[in-house]
file coords.cif (mmCIF, C-alpha atoms)
data_final
#
loop_
_atom_site.label_atom_id
_atom_site.label_comp_id
_atom_site.auth_asym_id
_atom_site.auth_seq_id
_atom_site.Cartn_x
_atom_site.Cartn_y
_atom_site.Cartn_z
CA MET X 204 157.86 135.60 9.21
CA THR X 205 155.14 135.40 6.58
CA ARG X 206 152.36 133.55 8.44
CA PRO X 207 149.58 135.32 10.35
CA ARG X 208 151.03 136.94 13.47
CA ALA X 209 149.85 134.46 16.11
CA ALA X 210 151.07 131.44 14.13
CA SER X 211 154.38 133.19 13.42
CA GLU X 212 154.93 133.98 17.07
CA ARG X 213 154.26 130.36 18.05
CA PHE X 214 156.75 129.17 15.44
CA VAL X 215 159.46 131.59 16.56
CA ALA X 216 158.91 130.75 20.23
CA GLN X 217 159.61 127.09 19.48
CA LEU X 218 162.88 127.74 17.67
CA PRO X 219 166.06 126.91 19.63
CA ALA X 220 167.13 129.78 21.87
CA ARG X 221 170.49 130.03 20.08
CA THR X 222 168.76 130.39 16.72
CA ARG X 223 166.50 133.13 18.03
CA SER X 224 169.44 134.97 19.54
CA ARG X 225 171.23 135.15 16.19
CA VAL X 226 168.43 136.75 14.17
CA LYS X 227 166.21 139.79 14.14
CA VAL X 228 162.64 138.61 13.66
CA ILE X 229 160.46 140.67 11.32
CA TYR X 230 156.75 139.85 11.25
CA SER X 231 155.18 140.47 7.85
CA PRO X 232 152.09 138.28 7.38
CA LEU X 233 151.24 137.76 3.72
CA LEU X 234 147.75 136.45 4.50
CA GLU X 235 145.01 137.85 6.69
CA ILE X 236 142.57 135.20 7.91
CA ASN X 237 138.98 136.28 8.54
CA PRO X 238 135.96 134.07 9.30
CA LEU X 239 133.22 134.38 6.69
CA PRO X 240 129.84 135.69 7.92
CA ILE X 241 127.90 132.56 7.00
CA ASN X 242 125.68 129.89 8.45
CA VAL X 243 126.98 126.31 8.42
CA ASP X 244 124.38 123.58 8.13
CA THR X 245 125.60 120.52 10.05
CA SER X 246 122.27 118.66 10.02
CA GLY X 247 122.94 115.00 9.37
CA VAL X 248 126.72 115.47 9.47
CA ARG X 249 128.52 112.66 11.29
CA GLY X 250 131.95 114.26 11.55
CA LEU X 251 134.09 117.25 10.59
CA ILE X 252 137.31 117.45 8.62
CA PHE X 253 139.84 120.15 9.53
CA THR X 254 142.94 120.64 7.38
CA SER X 255 144.11 123.80 9.17
CA ALA X 256 143.84 125.47 12.53
CA ASN X 257 142.24 128.40 10.71
CA GLY X 258 139.30 126.16 9.89
CA VAL X 259 138.97 125.19 13.54
CA ASN X 260 139.09 128.80 14.70
CA ALA X 261 136.47 129.79 12.13
CA ALA X 262 134.23 126.92 13.27
CA VAL X 263 134.56 128.14 16.86
CA SER X 264 133.65 131.70 15.86
CA LEU X 265 130.60 130.36 14.00
CA GLY X 266 129.46 128.47 17.10
CA LEU X 267 129.51 124.98 15.60
CA SER X 268 128.55 122.08 17.84
CA ARG X 269 131.36 120.03 19.41
CA ASP X 270 129.25 116.86 19.61
CA MET X 271 130.79 115.11 16.60
CA PRO X 272 134.26 113.72 15.87
CA ALA X 273 136.84 115.76 14.00
CA PHE X 274 139.42 114.30 11.63
CA CYS X 275 142.46 116.54 11.38
CA VAL X 276 145.67 117.09 9.44
CA GLY X 277 148.79 117.69 11.54
CA PRO X 278 149.43 118.13 15.25
CA ALA X 279 148.75 121.89 15.34
CA THR X 280 145.28 121.55 13.80
CA THR X 281 144.48 118.54 15.97
CA GLY X 282 145.60 120.29 19.14
CA THR X 283 143.56 123.38 18.29
CA ALA X 284 140.45 121.26 17.71
CA GLN X 285 140.95 119.31 20.93
CA SER X 286 141.44 122.52 22.91
CA ALA X 287 138.22 123.88 21.41
CA GLY X 288 136.31 120.85 22.67
CA TRP X 289 136.09 118.48 19.72
CA ASN X 290 136.86 114.77 19.95
CA ALA X 291 139.64 115.28 17.44
CA GLN X 292 142.18 112.84 16.10
CA MET X 293 145.13 113.40 13.84
CA VAL X 294 144.74 111.13 10.80
CA GLY X 295 147.72 112.30 8.77
CA ALA X 296 150.41 114.93 8.40
CA THR X 297 149.12 115.92 4.94
CA ALA X 298 145.82 116.03 3.07
CA GLU X 299 146.99 112.99 1.10
CA GLU X 300 147.43 110.99 4.29
CA LEU X 301 144.05 112.14 5.60
CA VAL X 302 142.30 110.99 2.42
CA ALA X 303 144.06 107.62 2.56
CA TYR X 304 143.13 107.12 6.23
CA LEU X 305 139.46 107.99 5.74
CA LEU X 306 139.15 105.71 2.73
CA LYS X 307 140.71 102.87 4.67
CA HIS X 308 138.72 103.27 7.87
CA ARG X 309 135.51 104.72 6.39
CA PRO X 310 133.94 106.47 9.39
CA ASP X 311 130.23 107.21 9.49
CA SER X 312 129.31 109.80 6.90
CA PRO X 313 128.45 112.31 5.58
CA LEU X 314 131.43 114.32 6.73
CA LEU X 315 131.89 118.07 6.35
CA HIS X 316 135.24 119.62 5.36
CA LEU X 317 135.53 123.17 6.71
CA ARG X 318 138.20 124.99 4.73
CA GLY X 319 139.36 128.34 3.42
CA GLU X 320 138.17 129.97 0.22
CA HIS X 321 141.43 128.92 -1.40
CA SER X 322 142.17 125.26 -0.77
CA ARG X 323 144.31 122.56 -2.34
CA GLY X 324 143.88 118.82 -2.36
CA ASN X 325 140.22 118.51 -3.42
CA VAL X 326 139.61 116.51 -0.24
CA ALA X 327 135.81 116.42 -0.41
CA THR X 328 135.64 115.63 -4.12
CA ARG X 329 138.19 112.84 -3.96
CA LEU X 330 136.57 111.18 -0.96
CA THR X 331 133.08 111.42 -2.43
CA GLU X 332 134.23 109.99 -5.75
CA SER X 333 135.67 107.05 -3.78
CA GLY X 334 132.39 106.33 -2.06
CA LEU X 335 132.70 108.28 1.22
CA THR X 336 130.22 111.15 1.17
CA VAL X 337 131.90 114.42 2.11
CA ARG X 338 130.52 117.95 1.77
CA GLU X 339 132.68 121.03 1.96
CA GLN X 340 132.19 124.65 2.90
CA ALA X 341 134.52 127.63 2.95
CA VAL X 342 134.40 129.22 6.40
CA TYR X 343 137.23 131.75 6.19
CA GLU X 344 138.84 134.07 3.68
CA GLN X 345 142.57 134.43 3.05
CA ARG X 346 143.28 138.01 1.97
CA LEU X 347 146.72 138.61 0.46
CA LEU X 348 148.86 141.32 2.06
CA PRO X 349 151.95 143.27 0.94
CA LEU X 350 155.22 143.32 2.86
CA THR X 351 155.25 145.59 5.88
CA PRO X 352 157.46 148.69 5.64
CA GLU X 353 159.99 147.05 7.98
CA ALA X 354 160.15 143.91 5.85
CA ALA X 355 160.36 145.92 2.63
CA ALA X 356 163.31 147.86 4.05
CA ALA X 357 165.08 144.61 4.95
CA THR X 358 164.76 143.34 1.38
CA ASP X 359 166.95 146.20 0.16
CA GLY X 360 169.60 145.76 2.85
CA LYS X 361 172.88 143.88 2.75
CA GLU X 362 172.12 141.38 5.49
CA PRO X 363 170.66 137.98 4.55
CA VAL X 364 166.87 137.69 4.64
CA ILE X 365 165.59 134.29 5.78
CA ALA X 366 161.97 133.68 4.82
CA PRO X 367 160.03 130.55 5.82
CA LEU X 368 157.03 129.86 3.54
CA PHE X 369 154.22 127.60 4.73
CA SER X 370 151.75 127.37 1.82
CA PRO X 371 151.76 127.51 -1.99
CA ARG X 372 149.55 130.61 -2.01
CA THR X 373 151.79 132.47 0.42
CA ALA X 374 154.84 131.43 -1.59
CA ARG X 375 153.25 132.74 -4.80
CA GLN X 376 152.49 136.04 -3.11
CA PHE X 377 156.06 136.26 -1.80
CA ALA X 378 157.48 135.54 -5.25
CA ASP X 379 155.21 138.15 -6.82
CA ILE X 380 156.12 140.97 -4.43
CA TRP X 381 159.81 140.28 -3.75
CA ALA X 382 161.86 142.99 -5.44
CA GLY X 383 164.81 143.24 -3.09
CA SER X 384 168.55 142.87 -3.52
CA ALA X 385 169.37 141.36 -0.12
CA PRO X 386 170.71 137.79 -0.07
CA LEU X 387 167.61 135.60 0.10
CA TRP X 388 167.48 132.34 2.04
CA LEU X 389 164.23 130.42 1.76
CA ALA X 390 162.65 127.57 3.72
CA SER X 391 159.66 125.82 2.17
CA ILE X 392 157.31 123.41 3.93
CA SER X 393 156.78 121.31 0.79
CA GLU X 394 157.71 120.92 -2.87
CA ALA X 395 154.34 122.41 -3.84
CA THR X 396 155.18 125.48 -1.75
CA ALA X 397 158.69 125.66 -3.21
CA GLU X 398 157.48 125.68 -6.81
CA PRO X 399 156.60 129.41 -7.03
CA LEU X 400 159.92 130.29 -5.39
CA TYR X 401 162.17 128.83 -8.07
CA SER X 402 161.74 131.98 -10.17
CA LEU X 403 163.46 134.08 -7.51
CA ASP X 404 167.17 134.88 -7.40
CA TYR X 405 167.81 133.25 -4.04
CA ALA X 406 171.03 132.24 -2.31
CA HIS X 407 169.58 129.01 -0.98
CA LEU X 408 166.25 127.18 -0.89
CA ARG X 409 165.69 124.38 1.61
CA VAL X 410 162.58 122.20 1.46
CA ALA X 411 161.50 120.66 4.76
CA LYS X 412 161.84 116.87 4.87
CA ALA X 413 158.21 116.62 6.00
CA PRO X 414 155.38 119.20 6.01
CA THR X 415 155.43 119.71 9.77
CA PRO X 416 156.35 122.61 12.07
CA LYS X 417 159.14 120.48 13.57
CA LYS X 418 160.81 119.92 10.21
CA MET X 419 160.37 123.56 9.27
CA ARG X 420 162.04 124.65 12.50
CA LYS X 421 164.93 122.34 11.66
CA ALA X 422 165.15 123.83 8.16
CA VAL X 423 165.18 127.38 9.52
CA LYS X 424 167.81 126.47 12.10
CA LYS X 425 170.08 125.13 9.37
CA LEU X 426 169.49 128.18 7.17
CA VAL X 427 170.43 130.55 9.97
CA LYS X 428 173.62 128.63 10.70
CA HIS X 429 174.56 128.34 7.03
CA ALA X 430 173.71 131.95 6.14
CA MET X 431 175.82 133.32 8.97
CA ARG X 432 178.75 131.15 8.00
CA VAL X 433 178.55 132.13 4.33
CA GLU X 434 177.96 135.82 4.96
CA GLY X 435 180.36 136.08 7.87
CA SER X 436 177.74 138.13 9.69
CA GLU X 437 176.75 138.20 13.33
CA THR X 438 173.15 139.26 12.69
CA THR X 439 170.62 138.18 10.08
CA ASP X 440 167.10 139.30 9.21
#
call {"tool": "encode", "arguments": {"input": "coords.cif", "output": "structure tokens"}}
result
Amino acid sequence: MTRPRAASERFVAQLPARTRSRVKVIYSPLLEINPLPINVDTSGVRGLIFTSANGVNAAVSLGLSRDMPAFCVGPATTGTAQSAGWNAQMVGATAEELVAYLLKHRPDSPLLHLRGEHSRGNVATRLTESGLTVREQAVYEQRLLPLTPEAAAATDGKEPVIAPLFSPRTARQFADIWAGSAPLWLASISEATAEPLYSLDYAHLRVAKAPTPKKMRKAVKKLVKHAMRVEGSETTD
């Protein structure tokens, strides 16, 4: 599991029990998320945009007011924002859908997009260029990490390694540091995330049918089943 530990544990816990029973889970986060020590000026802001739960958690740590609406991408981000006290609504499963929704419904602005230092989609720029004023501010850093010793040892084994990748930056890091000989089975949350992985010598790469945790769990479930059938093994990493 390549996501930060808490997110990885939530993902694994929601896998079918049979799938969990057939694998050994190795946690090896490739990103470390840390809130930035900054002040966020929300004066005049009429709403927040969250495109990840990390942005929500950083906003909580920075003590931002909950007295404005929050427009969110995906159920996990929306649920995190609601639990933290924001009047949050999910307005798309992707940044593209969020942009389309906001341009159609045009809520009161300016809005503020709270994001990581490394972000895709140019949400604020695209919305502002289309007439909806949106500011943006990075509120957390995403520090790249190497594989843990346990994960590195698994890459040189004979058992299949199944690796779910949830972002283009994590996928690029994985592609850069993978040097193993174990059969590699990859699940990608999107085509953009899959792109850096095509350079690897993998046994199979499955792209989720939609960029959601539910579709990723389905992709991982199918990989586990397929890998065990192909390898004739009772245990996979």
call {"tool": "resolve_selection", "arguments": {"input": "coords.cif", "expression": "the PyMOL selection byres ((chain X and resi 331) around 12)", "output": "JSON, numbers by chain"}}
result
{"X": [302, 305, 306, 309, 312, 313, 314, 315, 316, 325, 326, 327, 328, 329, 330, 332, 333, 334, 335, 336, 337, 338, 339]}
call {"tool": "write_last_selection", "arguments": {"input": "coords.cif", "atoms": "C-alpha atoms", "output": "PDB file, in the frame of the given file"}}
result
ATOM      1  CA  VAL X 302     142.300 110.990   2.420  1.00  0.00           C
ATOM      2  CA  LEU X 305     139.460 107.990   5.740  1.00  0.00           C
ATOM      3  CA  LEU X 306     139.150 105.710   2.730  1.00  0.00           C
ATOM      4  CA  ARG X 309     135.510 104.720   6.390  1.00  0.00           C
ATOM      5  CA  SER X 312     129.310 109.800   6.900  1.00  0.00           C
ATOM      6  CA  PRO X 313     128.450 112.310   5.580  1.00  0.00           C
ATOM      7  CA  LEU X 314     131.430 114.320   6.730  1.00  0.00           C
ATOM      8  CA  LEU X 315     131.890 118.070   6.350  1.00  0.00           C
ATOM      9  CA  HIS X 316     135.240 119.620   5.360  1.00  0.00           C
ATOM     10  CA  ASN X 325     140.220 118.510  -3.420  1.00  0.00           C
ATOM     11  CA  VAL X 326     139.610 116.510  -0.240  1.00  0.00           C
ATOM     12  CA  ALA X 327     135.810 116.420  -0.410  1.00  0.00           C
ATOM     13  CA  THR X 328     135.640 115.630  -4.120  1.00  0.00           C
ATOM     14  CA  ARG X 329     138.190 112.840  -3.960  1.00  0.00           C
ATOM     15  CA  LEU X 330     136.570 111.180  -0.960  1.00  0.00           C
ATOM     16  CA  GLU X 332     134.230 109.990  -5.750  1.00  0.00           C
ATOM     17  CA  SER X 333     135.670 107.050  -3.780  1.00  0.00           C
ATOM     18  CA  GLY X 334     132.390 106.330  -2.060  1.00  0.00           C
ATOM     19  CA  LEU X 335     132.700 108.280   1.220  1.00  0.00           C
ATOM     20  CA  THR X 336     130.220 111.150   1.170  1.00  0.00           C
ATOM     21  CA  VAL X 337     131.900 114.420   2.110  1.00  0.00           C
ATOM     22  CA  ARG X 338     130.520 117.950   1.770  1.00  0.00           C
ATOM     23  CA  GLU X 339     132.680 121.030   1.960  1.00  0.00           C
TER      24      GLU X 339
END
call {"tool": "resolve_selection", "arguments": {"input": "coords.cif", "expression": "the PyMOL selection byres ((chain X and resi 410) around 6)", "output": "PyMOL selection string"}}
result
chain X and resi 390-393+409+411
call {"tool": "write_last_selection", "arguments": {"input": "coords.cif", "atoms": "C-alpha atoms", "output": "PDB file, in the coordinates of the input"}}
result
ATOM      1  CA  ALA X 390     162.650 127.570   3.720  1.00  0.00           C
ATOM      2  CA  SER X 391     159.660 125.820   2.170  1.00  0.00           C
ATOM      3  CA  ILE X 392     157.310 123.410   3.930  1.00  0.00           C
ATOM      4  CA  SER X 393     156.780 121.310   0.790  1.00  0.00           C
ATOM      5  CA  ARG X 409     165.690 124.380   1.610  1.00  0.00           C
ATOM      6  CA  ALA X 411     161.500 120.660   4.760  1.00  0.00           C
TER       7      ALA X 411
END
call {"tool": "residues_near_point", "arguments": {"input": "coords.cif", "point": "(144.7, 123.3, -1.1)", "cutoff": "9 Å", "atoms": "only C-alpha atoms", "output": "ChimeraX atom specification"}}
result
/X:298,318-319,321-326,370-372
call {"tool": "write_last_selection", "arguments": {"input": "coords.cif", "atoms": "C-alpha atoms", "output": "compact mmCIF listing (two decimals), in the frame of the given file"}}
result
# COMPACT_ATOMS: atom_id res chain seq x y z
CA ALA X 298 145.82 116.03 3.07
CA ARG X 318 138.20 124.99 4.73
CA GLY X 319 139.36 128.34 3.42
CA HIS X 321 141.43 128.92 -1.40
CA SER X 322 142.17 125.26 -0.77
CA ARG X 323 144.31 122.56 -2.34
CA GLY X 324 143.88 118.82 -2.36
CA ASN X 325 140.22 118.51 -3.42
CA VAL X 326 139.61 116.51 -0.24
CA SER X 370 151.75 127.37 1.82
CA PRO X 371 151.76 127.51 -1.99
CA ARG X 372 149.55 130.61 -2.01
call {"tool": "residues_near_point", "arguments": {"input": "coords.cif", "point": "(172.3, 135.9, -0.3)", "cutoff": "10 Å", "atoms": "only C-alpha atoms", "output": "ChimeraX atom specification"}}
result
/X:361-365,384-389,404-407,430,433-434
call {"tool": "closest_atom_pairs", "arguments": {"input": "coords.cif", "of": "segment 242-273 of chain X", "to": "segment 291-296 of chain X", "cutoff": "9 Å", "atoms": "all atoms listed in the file", "output": "JSON lines"}}
result
{"residue": "X:Met271", "atom": "CA", "partner": "X:Ala291", "partner_atom": "CA", "distance": 8.9}
{"residue": "X:Pro272", "atom": "CA", "partner": "X:Ala291", "partner_atom": "CA", "distance": 5.8}
{"residue": "X:Ala273", "atom": "CA", "partner": "X:Ala291", "partner_atom": "CA", "distance": 4.5}
call {"tool": "closest_residue", "arguments": {"input": "coords.cif", "among": "X:Arg225, X:Pro352, X:Gly247, X:Leu234", "to": "Arg432 of chain X", "atoms": "only C-alpha atoms"}}
result
X:Arg225
call {"tool": "axis_aligned_box", "arguments": {"input": "coords.cif", "around": "segment 355-358 of chain X", "padding_each_side": "3 Å", "output": "JSON"}}
result
{"center_x": 162.7, "center_y": 145.6, "center_z": 3.2, "size_x": 10.7, "size_y": 10.5, "size_z": 9.6}
call {"tool": "resolve_selection", "arguments": {"input": "coords.cif", "expression": "the PyMOL selection byres ((chain X and resi 346) around 9)", "output": "count of residues only"}}
result
9
call {"tool": "closest_residue", "arguments": {"input": "coords.cif", "among": "X:Val342, X:Ala287, X:Val259, X:Leu267", "to": "Pro240 of chain X", "atoms": "only C-alpha atoms"}}
result
X:Val342
call {"tool": "atom_distance", "arguments": {"input": "coords.cif", "atom1": "atom CA of Ile252 of chain X", "atom2": "atom CA of Thr415 of chain X"}}
result
18.3 Å
